[in-house]
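Okay, coords-v8.pdb now, which holds PDB, C-alpha atoms:
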```pdb
ATOM      1  CA  MET A   1      -6.907  -9.317  -9.154
ATOM      2  CA  LYS A   2     -10.642  -9.108  -9.900
ATOM      3  CA  LYS A   3     -12.342  -6.202 -11.676
ATOM      4  CA  LYS A   4     -14.190  -5.088  -8.557
ATOM      5  CA  ASN A   5     -10.963  -5.085  -6.571
ATOM      6  CA  LEU A   6      -9.228  -2.960  -9.213
ATOM      7  CA  LYS A   7     -12.043  -0.421  -9.237
ATOM      8  CA  LYS A   8     -12.211  -0.328  -5.442
ATOM      9  CA  GLN A   9      -8.458  -0.006  -5.155
ATOM     10  CA  THR A  10      -8.322   2.840  -7.705
ATOM     11  CA  LEU A  11     -11.249   4.639  -6.074
ATOM     12  CA  TYR A  12      -9.655   4.212  -2.647
ATOM     13  CA  VAL A  13      -6.346   5.680  -3.832
ATOM     14  CA  TYR A  14      -8.145   8.649  -5.411
ATOM     15  CA  LEU A  15     -10.112   9.207  -2.197
ATOM     16  CA  VAL A  16      -6.919   9.123  -0.119
ATOM     17  CA  SER A  17      -5.345  11.586  -2.589
ATOM     18  CA  VAL A  18      -8.235  14.031  -2.223
ATOM     19  CA  ILE A  19      -8.030  13.753   1.577
ATOM     20  CA  ILE A  20      -4.278  14.420   1.452
ATOM     21  CA  ILE A  21      -4.777  17.459  -0.795
ATOM     22  CA  LEU A  22      -7.572  18.944   1.329
ATOM     23  CA  THR A  23      -5.725  18.297   4.591
ATOM     24  CA  SER A  24      -2.508  19.826   3.297
ATOM     25  CA  LEU A  25      -4.374  22.860   1.940
ATOM     26  CA  SER A  26      -5.981  23.373   5.348
ATOM     27  CA  ILE A  27      -2.699  23.018   7.246
ATOM     28  CA  SER A  28      -0.948  25.316   4.793
ATOM     29  CA  HIS A  29      -3.673  27.928   5.123
ATOM     30  CA  ILE A  30      -3.760  27.758   8.944
ATOM     31  CA  PHE A  31       0.017  27.993   9.407
ATOM     32  CA  ARG A  32       0.639  30.184   6.332
ATOM     33  CA  ASP A  33       3.308  27.705   5.271
ATOM     34  CA  TRP A  34       2.588  26.408   1.776
ATOM     35  CA  GLN A  35       5.392  23.898   1.905
ATOM     36  CA  TRP A  36       2.900  21.489   3.529
ATOM     37  CA  PHE A  37       0.804  21.568   0.375
ATOM     38  CA  SER A  38       3.935  21.069  -1.678
ATOM     39  CA  ARG A  39       4.950  18.080   0.470
ATOM     40  CA  ALA A  40       1.532  16.520  -0.056
ATOM     41  CA  GLY A  41       2.428  16.311  -3.727
ATOM     42  CA  ALA A  42       5.177  13.860  -2.825
ATOM     43  CA  LEU A  43       2.624  11.593  -1.141
ATOM     44  CA  ILE A  44       0.377  11.762  -4.184
ATOM     45  CA  VAL A  45       3.292  10.776  -6.407
ATOM     46  CA  VAL A  46       3.861   7.750  -4.173
ATOM     47  CA  LEU A  47       0.188   6.760  -4.576
ATOM     48  CA  GLY A  48       0.476   7.189  -8.341
ATOM     49  CA  ILE A  49       3.547   4.987  -8.376
ATOM     50  CA  TYR A  50       1.615   2.401  -6.368
ATOM     51  CA  LEU A  51      -1.223   2.316  -8.923
ATOM     52  CA  THR A  52       1.147   2.214 -11.868
ATOM     53  CA  SER A  53       3.378  -0.469 -10.391
ATOM     54  CA  SER A  54       0.319  -2.548  -9.499
ATOM     55  CA  GLN A  55      -0.514  -2.604 -13.187
ATOM     56  CA  ILE A  56       2.998  -3.726 -14.102
ATOM     57  CA  ILE A  57       2.987  -6.480 -11.488
ATOM     58  CA  GLU A  58      -0.490  -7.669 -12.528
ATOM     59  CA  ASN A  59       0.403  -7.704 -16.234
ATOM     60  CA  SER A  60       3.594  -9.643 -15.515
ATOM     61  CA  ARG A  61       1.642 -12.209 -13.485
ATOM     62  CA  ARG A  62      -0.940 -12.696 -16.237
ATOM     63  CA  LEU A  63       1.717 -12.996 -18.923
ATOM     64  CA  ARG A  64       3.378 -15.785 -16.914
ATOM     65  CA  GLN A  65       0.021 -17.546 -16.544
ATOM     66  CA  ARG A  66      -0.718 -17.183 -20.233
ATOM     67  CA  TYR A  67       2.722 -18.479 -21.132
ATOM     68  CA  ARG A  68       2.316 -21.529 -18.883
ATOM     69  CA  GLY A  69      -1.166 -22.201 -20.255
ATOM     70  CA  THR A  70      -0.188 -22.078 -23.928
ATOM     71  CA  HIS A  71       3.173 -23.860 -23.791
ATOM     72  CA  LYS A  72       3.091 -27.528 -22.917
ATOM     73  CA  GLY A  73       6.169 -29.595 -23.415
ATOM     74  CA  GLY A  74       7.725 -26.886 -25.568
ATOM     75  CA  ASN A  75       4.918 -27.027 -28.155
ATOM     76  CA  PHE A  76       2.649 -24.057 -28.700
ATOM     77  CA  GLN A  77      -1.006 -25.035 -28.405
ATOM     78  CA  ARG A  78      -3.424 -23.257 -30.774
ATOM     79  CA  ASP A  79      -6.675 -25.116 -30.222
ATOM     80  CA  TRP A  80      -9.171 -22.262 -29.893
ATOM     81  CA  ALA A  81     -12.143 -24.432 -30.814
ATOM     82  CA  ASN A  82     -12.718 -25.115 -27.135
ATOM     83  CA  GLY A  83     -15.405 -22.777 -25.760
ATOM     84  CA  LYS A  84     -13.784 -22.697 -22.339
ATOM     85  CA  GLN A  85     -10.560 -21.337 -23.791
ATOM     86  CA  GLU A  86     -12.458 -18.689 -25.751
ATOM     87  CA  GLN A  87     -14.211 -17.555 -22.562
ATOM     88  CA  ILE A  88     -10.893 -17.395 -20.717
ATOM     89  CA  LEU A  89      -9.495 -15.206 -23.509
ATOM     90  CA  ARG A  90     -12.530 -12.872 -23.410
ATOM     91  CA  ASP A  91     -12.257 -12.585 -19.616
ATOM     92  CA  ALA A  92      -8.527 -11.868 -19.843
ATOM     93  CA  ARG A  93      -9.102  -9.098 -22.379
ATOM     94  CA  GLY A  94     -11.747  -7.467 -20.183
ATOM     95  CA  HIS A  95      -9.453  -7.696 -17.195
ATOM     96  CA  GLU A  96      -6.597  -6.157 -19.195
ATOM     97  CA  GLU A  97      -8.761  -3.142 -19.994
ATOM     98  CA  GLU A  98      -9.528  -2.633 -16.298
ATOM     99  CA  THR A  99      -5.857  -2.958 -15.414
ATOM    100  CA  TRP A 100      -4.864  -0.386 -18.043
ATOM    101  CA  VAL A 101      -7.491   2.030 -16.675
ATOM    102  CA  MET A 102      -5.862   1.633 -13.270
ATOM    103  CA  GLY A 103      -2.486   2.439 -14.807
ATOM    104  CA  LYS A 104      -3.903   5.526 -16.509
ATOM    105  CA  CYS A 105      -5.312   6.747 -13.188
ATOM    106  CA  GLY A 106      -1.922   6.173 -11.578
ATOM    107  CA  PHE A 107      -0.280   8.165 -14.353
ATOM    108  CA  ASN A 108      -2.710  11.058 -13.758
ATOM    109  CA  LEU A 109      -1.830  11.019 -10.064
ATOM    110  CA  LEU A 110       1.870  11.102 -10.912
ATOM    111  CA  ILE A 111       1.370  14.227 -13.013
ATOM    112  CA  ALA A 112      -0.848  15.981 -10.450
ATOM    113  CA  GLY A 113       1.399  15.068  -7.531
ATOM    114  CA  THR A 114       4.529  16.184  -9.328
ATOM    115  CA  LEU A 115       2.982  19.555 -10.213
ATOM    116  CA  ILE A 116       1.813  20.105  -6.637
ATOM    117  CA  TRP A 117       5.159  18.956  -5.275
ATOM    118  CA  GLY A 118       7.081  21.289  -7.528
ATOM    119  CA  PHE A 119       4.853  24.361  -7.548
ATOM    120  CA  GLY A 120       2.502  24.012  -4.557
ATOM    121  CA  ASP A 121       4.356  26.525  -2.427
ATOM    122  CA  LEU A 122       3.728  29.217  -5.049
ATOM    123  CA  LEU A 123       0.138  29.478  -3.835
ATOM    124  CA  SER A 124       1.489  31.599  -1.001
ATOM    125  CA  LEU A 125       2.238  34.319  -3.564
ATOM    126  CA  LEU A 126      -1.436  34.667  -4.500
TER     127      LEU A 126
END
```
Using structure tokens, write down the structure from this file.
Amino acid sequence: MKKKNLKKQTLYVYLVSVIIILTSLSISHIFRDWQWFSRAGALIVVLGIYLTSSQIIENSRRLRQRYRGTHKGGNFQRDWANGKQEQILRDARGHEEETWVMGKCGFNLLIAGTLIWGFGDLLSLL
């Protein structure tokens, strides 16, 4: 997955999360039933799982590619003198950083969604 796609995907998931939160707050306020807000937390957890699992899948894919690229005929190749290989390594490291940021955002959504899911209905007591 390209860097732009990762950023767009993460931004899109955050936008959907905000829409879910605002919609559920409105519905809960209108119907005076704060369980709707609490249920929205479950949807946010699902989105967080999606972001986090995307990172795991992407890292697994890149590890397989790296393994195939460095092992030929059972012998480990260590020729880093080639400029093309050095550029590939630099690109991979940059991409890894973007992927880990996506995972961190997914983790944040998991925490927020779980807290809303578990305690969202307590807003009715305020």
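The interatomic distance for the pair CA of Ala40 in chain A and CA of Trp117 in chain A works out to 6.8 Å.
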query = With all atoms listed in the file as the basis for distance, which of A:Leu25, A:Ile30, A:Leu126, A:Val18 is at the shortest distance from Ala112 in chain A?
reply =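 Of all the options, A:Val18 lies closest to Ala112 in chain A.
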Edge lengths and centre, in Å to one decimal, as JSON: that's what I need for the box along x, y and z that holds all listed atoms of range 109-115 of chain A plus 5 Å on each side.
```
{"center_x": 1.3, "center_y": 15.3, "center_z": -10.3, "size_x": 16.4, "size_y": 18.5, "size_z": 15.5}
```
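CA of Leu6 in chain A to CA of Ile19 in chain A spans 19.9 Å [interatomic distance, one decimal].
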request  = Taking the point (5.1, 18.8, -9.3) as given in the file, collect each protein or nucleic acid residue that comes within 10 Å of it, counting all atoms listed in the file, and present the set as a list of chain:residue names.
outcome  = A:Ser38, A:Arg39, A:Gly41, A:Ala42, A:Ile44, A:Val45, A:Leu110, A:Ile111, A:Ala112, A:Gly113, A:Thr114, A:Leu115, A:Ile116, A:Trp117, A:Gly118, A:Phe119, A:Gly120
